[in-house]
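A short write-up of the structure that comes next.
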Amino acid sequence: MAEMHYGENIELNKLDKVAIIGYGSQGHAHALNLHESGVDVVVGARKNGKSWKKAKEDGLEVKEIPKAVETATLTSILIPDEVQTKVYKEQIKPNLNPQDTILFAHGFNIHYNQIRPPKNVNVVMVAPKGPGHLVRRVYKEGAGTPGLFAVNQDVTGDAEEIALAYAKGIGCTRAGLLETTFKEETETDLFGEQVDLCGGVTKLIKDTFETLVEAGYQPEVAYFESLHEMKLIIDLIHEQGLQGMWHSVSNTAEYGGLTRGKRVIDNNTKQNMKEVLKEIQNGEFAKEWILENKSGQPVLKRAREQEKNHQIEEVGQELREMMPWLKENQE
Ligand code: NDP
Ligand code: MG
Ligand code: MG
């Protein structure tokens, strides 16, 4: 089994001043978790944006991006992947000192050569394997989100210790931290989000819902069956593995699931997954996404609109109103 790090021998004092660039999903979680772990944090944000105000309200030191980079020895780049190249060129790179460290939470821009850091800084990654809001929520609960770390460039000789300290500070080592490369993290992360996590699961939910509604069943019943119950099943799998879930459902569900599941997701699906993986590996997806951004995200905007107007969202909104406890965890 691969070596997992759980933080026992990791020294947080490897971290000097840390600049967190961006205060969105990952940014707010990293900044607050590090701060509460006792690390000296400055948030880098734009003065007219929402983040500036929010980070201040949360009691953190906030500076404009160039100033934050200048005062820190580690700069964590936590703005959206598609704006990183421009912000890096204009506001981060000119303010890096030799022997500084730049840190990413996803390897896209380094792996696909969109950002080419100077040879005199450390380049590392700490990628929590979970959405930012959960990275924050579980830390507050005393737990952690598992993560990956990688070192792409080590000029100080202790880039790995620095990355490990950062991972410990945001709580990843509480759950387990695994070494990877920028290539492996980028390709597997893109694959997961396109295939089973974001792309696959939403399509599966929508197709299940549509099939039931088109057959004349009530949309509310279809909603509970296709979407609401998904979490309950996934929670069991998450906590106890596939076996735990099969054990917990009825024998009827187990028999039906084991015999029908492979008809629904069949070998064609796996073939399609392999094609999606190939496009990630050969850079085709990256090229498409970079072009999409250059032309103002027309495909994304259209798809987003379509998704928003799906019947399942209408039904869901009403049903969730009656389950206010679901909202407790929203931020
Ligand atoms: P967000 O979309 O949440 O980032 C929003 C933040 O970026 C805000 O603070 C916003 O500031 C700032 N920002 C946006 N555009 C600019 C700009 N042009 N100049 C300055 N600041 C800007 O990002 P994520 O947290 O989703 O992603 C950050 C990184 O983490 C990415 O590399 C991503 O791949 C990675 N990652 C993300 C995960 C997630 O859970 N979302 C999971 C694991 C990795 P303002 O308020 O001023 O608009
Ligand atoms: Mg991702
Ligand atoms: Mg049932």
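For the structure tokens, the naming scheme is as follows: chains receive sequential letters (A, B, ...) according to their order of presentation, residues are indexed from 1 within each chain, and ligands are indexed from 1 in presentation order.
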Could you build a table of the residues in chain A lying no more than 10 Å from ligand 2, giving for each the nearest pair of atoms and their separation in Å rounded to one decimal place, using only C-alpha atoms and all ligand atoms, ordered by chain and ascending residue number, as JSON lines?
{"residue": "A:Asp81", "atom": "CA", "partner": "ligand 2", "partner_atom_place_in_ligand_line": "1 (Mg)", "distance": 9.1}
{"residue": "A:Ala105", "atom": "CA", "partner": "ligand 2", "partner_atom_place_in_ligand_line": "1 (Mg)", "distance": 8.7}
{"residue": "A:His106", "atom": "CA", "partner": "ligand 2", "partner_atom_place_in_ligand_line": "1 (Mg)", "distance": 6.5}
{"residue": "A:Gly107", "atom": "CA", "partner": "ligand 2", "partner_atom_place_in_ligand_line": "1 (Mg)", "distance": 9.0}
{"residue": "A:Phe108", "atom": "CA", "partner": "ligand 2", "partner_atom_place_in_ligand_line": "1 (Mg)", "distance": 8.8}
{"residue": "A:Ala127", "atom": "CA", "partner": "ligand 2", "partner_atom_place_in_ligand_line": "1 (Mg)", "distance": 9.0}
{"residue": "A:Pro128", "atom": "CA", "partner": "ligand 2", "partner_atom_place_in_ligand_line": "1 (Mg)", "distance": 9.8}
{"residue": "A:Lys129", "atom": "CA", "partner": "ligand 2", "partner_atom_place_in_ligand_line": "1 (Mg)", "distance": 8.8}
{"residue": "A:Gly130", "atom": "CA", "partner": "ligand 2", "partner_atom_place_in_ligand_line": "1 (Mg)", "distance": 9.0}
{"residue": "A:Pro131", "atom": "CA", "partner": "ligand 2", "partner_atom_place_in_ligand_line": "1 (Mg)", "distance": 8.9}
{"residue": "A:Glu185", "atom": "CA", "partner": "ligand 2", "partner_atom_place_in_ligand_line": "1 (Mg)", "distance": 9.2}
{"residue": "A:Thr186", "atom": "CA", "partner": "ligand 2", "partner_atom_place_in_ligand_line": "1 (Mg)", "distance": 7.8}
{"residue": "A:Glu187", "atom": "CA", "partner": "ligand 2", "partner_atom_place_in_ligand_line": "1 (Mg)", "distance": 9.6}
{"residue": "A:Thr188", "atom": "CA", "partner": "ligand 2", "partner_atom_place_in_ligand_line": "1 (Mg)", "distance": 9.0}
{"residue": "A:Asp189", "atom": "CA", "partner": "ligand 2", "partner_atom_place_in_ligand_line": "1 (Mg)", "distance": 5.3}
{"residue": "A:Leu190", "atom": "CA", "partner": "ligand 2", "partner_atom_place_in_ligand_line": "1 (Mg)", "distance": 5.8}
{"residue": "A:Phe191", "atom": "CA", "partner": "ligand 2", "partner_atom_place_in_ligand_line": "1 (Mg)", "distance": 8.9}
{"residue": "A:Gly192", "atom": "CA", "partner": "ligand 2", "partner_atom_place_in_ligand_line": "1 (Mg)", "distance": 8.2}
{"residue": "A:Glu193", "atom": "CA", "partner": "ligand 2", "partner_atom_place_in_ligand_line": "1 (Mg)", "distance": 6.4}
{"residue": "A:Gln194", "atom": "CA", "partner": "ligand 2", "partner_atom_place_in_ligand_line": "1 (Mg)", "distance": 9.2}
{"residue": "A:Cys198", "atom": "CA", "partner": "ligand 2", "partner_atom_place_in_ligand_line": "1 (Mg)", "distance": 9.9}
Using only C-alpha atoms, please write the residues we just selected to a file, as a PDB file, in the first residue's frame.
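What ended up in selection13.pdb:
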ATOM      1  CA  ASP A  81      -8.051  27.588 -12.683  1.00  0.00           C
ATOM      2  CA  ALA A 105      -4.699  22.845  -5.021  1.00  0.00           C
ATOM      3  CA  HIS A 106      -4.974  21.350  -8.505  1.00  0.00           C
ATOM      4  CA  GLY A 107      -2.249  20.706 -11.060  1.00  0.00           C
ATOM      5  CA  PHE A 108      -3.983  21.888 -14.258  1.00  0.00           C
ATOM      6  CA  ALA A 127      -5.054  19.035  -3.117  1.00  0.00           C
ATOM      7  CA  PRO A 128      -7.819  18.224  -0.652  1.00  0.00           C
ATOM      8  CA  LYS A 129     -10.039  15.487  -2.041  1.00  0.00           C
ATOM      9  CA  GLY A 130     -13.259  17.315  -1.317  1.00  0.00           C
ATOM     10  CA  PRO A 131     -15.118  20.574  -1.919  1.00  0.00           C
ATOM     11  CA  GLU A 185      -3.417  14.506  -9.657  1.00  0.00           C
ATOM     12  CA  THR A 186      -4.482  16.551 -12.688  1.00  0.00           C
ATOM     13  CA  GLU A 187      -5.497  13.606 -14.839  1.00  0.00           C
ATOM     14  CA  THR A 188      -7.295  11.651 -12.106  1.00  0.00           C
ATOM     15  CA  ASP A 189      -9.024  14.750 -10.721  1.00  0.00           C
ATOM     16  CA  LEU A 190     -10.371  15.747 -14.143  1.00  0.00           C
ATOM     17  CA  PHE A 191     -11.406  12.154 -14.815  1.00  0.00           C
ATOM     18  CA  GLY A 192     -13.262  11.809 -11.509  1.00  0.00           C
ATOM     19  CA  GLU A 193     -15.176  15.055 -11.875  1.00  0.00           C
ATOM     20  CA  GLN A 194     -16.115  14.336 -15.492  1.00  0.00           C
ATOM     21  CA  CYS A 198     -20.040  15.519 -11.166  1.00  0.00           C
TER      22      CYS A 198
END
Contact check, chain A to ligand 1, at most 7 Å, counting only C-alpha atoms and all ligand atoms, closest pairs as JSON lines:
{"residue": "A:Gly22", "atom": "CA", "partner": "ligand 1", "partner_atom_place_in_ligand_line": "9 (O)", "distance": 3.7}
{"residue": "A:Tyr23", "atom": "CA", "partner": "ligand 1", "partner_atom_place_in_ligand_line": "9 (O)", "distance": 3.5}
{"residue": "A:Gly24", "atom": "CA", "partner": "ligand 1", "partner_atom_place_in_ligand_line": "3 (O)", "distance": 3.4}
{"residue": "A:Ser25", "atom": "CA", "partner": "ligand 1", "partner_atom_place_in_ligand_line": "25 (O)", "distance": 3.7}
{"residue": "A:Gln26", "atom": "CA", "partner": "ligand 1", "partner_atom_place_in_ligand_line": "25 (O)", "distance": 3.7}
{"residue": "A:Gly27", "atom": "CA", "partner": "ligand 1", "partner_atom_place_in_ligand_line": "25 (O)", "distance": 5.6}
{"residue": "A:Ala45", "atom": "CA", "partner": "ligand 1", "partner_atom_place_in_ligand_line": "21 (N)", "distance": 5.7}
{"residue": "A:Arg46", "atom": "CA", "partner": "ligand 1", "partner_atom_place_in_ligand_line": "47 (O)", "distance": 5.1}
{"residue": "A:Asn48", "atom": "CA", "partner": "ligand 1", "partner_atom_place_in_ligand_line": "47 (O)", "distance": 6.6}
{"residue": "A:Gly49", "atom": "CA", "partner": "ligand 1", "partner_atom_place_in_ligand_line": "47 (O)", "distance": 3.3}
{"residue": "A:Lys50", "atom": "CA", "partner": "ligand 1", "partner_atom_place_in_ligand_line": "46 (O)", "distance": 4.0}
{"residue": "A:Ser51", "atom": "CA", "partner": "ligand 1", "partner_atom_place_in_ligand_line": "46 (O)", "distance": 3.7}
{"residue": "A:Trp52", "atom": "CA", "partner": "ligand 1", "partner_atom_place_in_ligand_line": "47 (O)", "distance": 6.4}
{"residue": "A:Ile77", "atom": "CA", "partner": "ligand 1", "partner_atom_place_in_ligand_line": "29 (C)", "distance": 6.9}
{"residue": "A:Leu78", "atom": "CA", "partner": "ligand 1", "partner_atom_place_in_ligand_line": "28 (C)", "distance": 3.9}
{"residue": "A:Ile79", "atom": "CA", "partner": "ligand 1", "partner_atom_place_in_ligand_line": "7 (O)", "distance": 3.7}
{"residue": "A:Pro80", "atom": "CA", "partner": "ligand 1", "partner_atom_place_in_ligand_line": "23 (O)", "distance": 4.2}
{"residue": "A:Asp81", "atom": "CA", "partner": "ligand 1", "partner_atom_place_in_ligand_line": "32 (O)", "distance": 4.7}
{"residue": "A:Val83", "atom": "CA", "partner": "ligand 1", "partner_atom_place_in_ligand_line": "18 (N)", "distance": 5.5}
{"residue": "A:Val87", "atom": "CA", "partner": "ligand 1", "partner_atom_place_in_ligand_line": "19 (N)", "distance": 6.0}
{"residue": "A:Phe104", "atom": "CA", "partner": "ligand 1", "partner_atom_place_in_ligand_line": "32 (O)", "distance": 6.2}
{"residue": "A:Ala105", "atom": "CA", "partner": "ligand 1", "partner_atom_place_in_ligand_line": "30 (O)", "distance": 4.7}
{"residue": "A:His106", "atom": "CA", "partner": "ligand 1", "partner_atom_place_in_ligand_line": "32 (O)", "distance": 4.6}
{"residue": "A:Ala127", "atom": "CA", "partner": "ligand 1", "partner_atom_place_in_ligand_line": "44 (C)", "distance": 5.6}
{"residue": "A:Pro128", "atom": "CA", "partner": "ligand 1", "partner_atom_place_in_ligand_line": "43 (C)", "distance": 5.6}
{"residue": "A:Lys129", "atom": "CA", "partner": "ligand 1", "partner_atom_place_in_ligand_line": "43 (C)", "distance": 6.1}
{"residue": "A:Gly130", "atom": "CA", "partner": "ligand 1", "partner_atom_place_in_ligand_line": "42 (C)", "distance": 5.5}
{"residue": "A:Pro131", "atom": "CA", "partner": "ligand 1", "partner_atom_place_in_ligand_line": "40 (O)", "distance": 3.0}
{"residue": "A:Gly132", "atom": "CA", "partner": "ligand 1", "partner_atom_place_in_ligand_line": "40 (O)", "distance": 4.2}
Limited to C-alpha atoms, could you put the picked residues into a file as a compact mmCIF listing (two decimals), in the first residue's frame?
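Contents of the output file out16.txt:
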# COMPACT_ATOMS: atom_id res chain seq x y z
CA GLY A 22 -8.57 33.91 -3.42
CA TYR A 23 -11.20 33.47 -0.75
CA GLY A 24 -13.70 31.24 -2.52
CA SER A 25 -14.48 27.57 -1.99
CA GLN A 26 -10.93 26.37 -1.24
CA GLY A 27 -9.46 29.75 -0.31
CA ALA A 45 -7.92 39.62 -2.80
CA ARG A 46 -9.13 42.39 -5.07
CA ASN A 48 -13.72 45.73 -5.12
CA GLY A 49 -14.62 42.02 -4.83
CA LYS A 50 -16.79 40.17 -2.32
CA SER A 51 -13.88 38.22 -0.89
CA TRP A 52 -12.08 41.28 0.40
CA ILE A 77 -3.02 30.09 -5.58
CA LEU A 78 -6.70 29.42 -4.91
CA ILE A 79 -8.53 31.38 -7.57
CA PRO A 80 -10.37 29.57 -10.41
CA ASP A 81 -8.05 27.59 -12.68
CA VAL A 83 -8.03 32.97 -14.30
CA VAL A 87 -3.37 36.80 -12.34
CA PHE A 104 -1.61 24.85 -6.03
CA ALA A 105 -4.70 22.84 -5.02
CA HIS A 106 -4.97 21.35 -8.51
CA ALA A 127 -5.05 19.03 -3.12
CA PRO A 128 -7.82 18.22 -0.65
CA LYS A 129 -10.04 15.49 -2.04
CA GLY A 130 -13.26 17.31 -1.32
CA PRO A 131 -15.12 20.57 -1.92
CA GLY A 132 -13.84 23.61 -0.01
Checklist line | Near-ligand residues for ligand 3, threshold 12 Å, only C-alpha atoms and all ligand atoms, as a ChimeraX atom specification | finding: /A:221-222,224-230,232-233,249-254,256-257
Restricting the output to C-alpha atoms, write the selected residues as a CSV table (one decimal), in the first residue's frame.
chain,number,residue,atom,x,y,z
A,221,VAL,CA,-41.9,10.4,-6.0
A,222,ALA,CA,-39.3,10.4,-8.8
A,224,PHE,CA,-37.1,11.2,-3.8
A,225,GLU,CA,-36.1,8.0,-5.6
A,226,SER,CA,-33.6,9.5,-8.0
A,227,LEU,CA,-32.0,12.3,-6.0
A,228,HIS,CA,-32.8,12.4,-2.3
A,229,GLU,CA,-32.0,8.8,-1.7
A,230,MET,CA,-28.8,9.0,-3.6
A,232,LEU,CA,-28.4,8.1,1.8
A,233,ILE,CA,-26.9,5.3,-0.3
A,249,VAL,CA,-30.3,-2.5,1.9
A,250,SER,CA,-32.9,-5.2,1.5
A,251,ASN,CA,-32.1,-8.5,-0.2
A,252,THR,CA,-34.5,-7.5,-2.9
A,253,ALA,CA,-32.5,-4.3,-3.5
A,254,GLU,CA,-29.3,-6.2,-3.4
A,256,GLY,CA,-32.0,-6.2,-8.2
A,257,GLY,CA,-29.0,-3.9,-8.0
Item checked: Those of stretch 138-330 of chain A in DSSP strand (DSSP E or B), formatted as JSON, numbers by chain -> {"A": [147, 148, 149, 150, 151, 152, 153, 177, 178, 179]}
Would you save the residues of that selection, restricted to C-alpha atoms, as an mmCIF file, in the first residue's frame?
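Listed below is the output, part.cif:
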data_model
loop_
_atom_site.group_PDB
_atom_site.id
_atom_site.type_symbol
_atom_site.label_atom_id
_atom_site.label_comp_id
_atom_site.auth_asym_id
_atom_site.auth_seq_id
_atom_site.Cartn_x
_atom_site.Cartn_y
_atom_site.Cartn_z
ATOM 1 C CA GLY A 147 -5.580 15.028 0.420
ATOM 2 C CA LEU A 148 -2.789 14.596 -2.072
ATOM 3 C CA PHE A 149 0.525 16.419 -2.142
ATOM 4 C CA ALA A 150 3.225 16.755 -4.768
ATOM 5 C CA VAL A 151 6.515 18.528 -5.243
ATOM 6 C CA ASN A 152 7.289 19.716 -8.754
ATOM 7 C CA GLN A 153 10.271 21.926 -8.023
ATOM 8 C CA LEU A 177 -2.268 12.471 2.936
ATOM 9 C CA LEU A 178 -0.821 10.668 -0.060
ATOM 10 C CA GLU A 179 2.068 11.626 -2.326
#
Checklist line | Which of A:Glu82, A:Leu103, A:Lys262, A:His35 sits closest to A:Gly59 [using only C-alpha atoms] | finding: A:His35
Item checked: Residue with smallest distance to A:Ala72 - pool A:Met125, A:Trp246, A:Glu36, A:Lys17, counting only C-alpha atoms ->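 Of the candidates, the smallest distance to A:Ala72 is held by A:Lys17.
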Checklist line | DSSP-assigned alpha helix (DSSP H) members of stretch 174-225 of chain A, reported as an MDAnalysis selection string | finding: chainID A and resid 174:175 182:192 201:214 219:223
Item checked: Surrounding residues of stretch 60-66 of chain A excluding itself and chain neighbours under 6 positions, 6 Å, only C-alpha atoms, as a PyMOL selection string -> chain A and resi 42-46+91-92
Checklist line | Who sits within 8 Å of A:Asn109, only C-alpha atoms, same chain under 3 positions skipped, as a list in words | finding: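 Contacts, with the query itself left out: Asp81, Gln84, Thr85, Tyr112, Asn113, Gln114 and Ile115 of chain A.
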Next item on the list: Considering only C-alpha atoms, return as a list in words whatever protein or nucleic-acid residues lie within 10 Å of A:His310, sequence-local ones (same chain, fewer than 5 positions apart) excluded.
Entry: Lys206, Glu210, Glu305 and Val315 of chain A
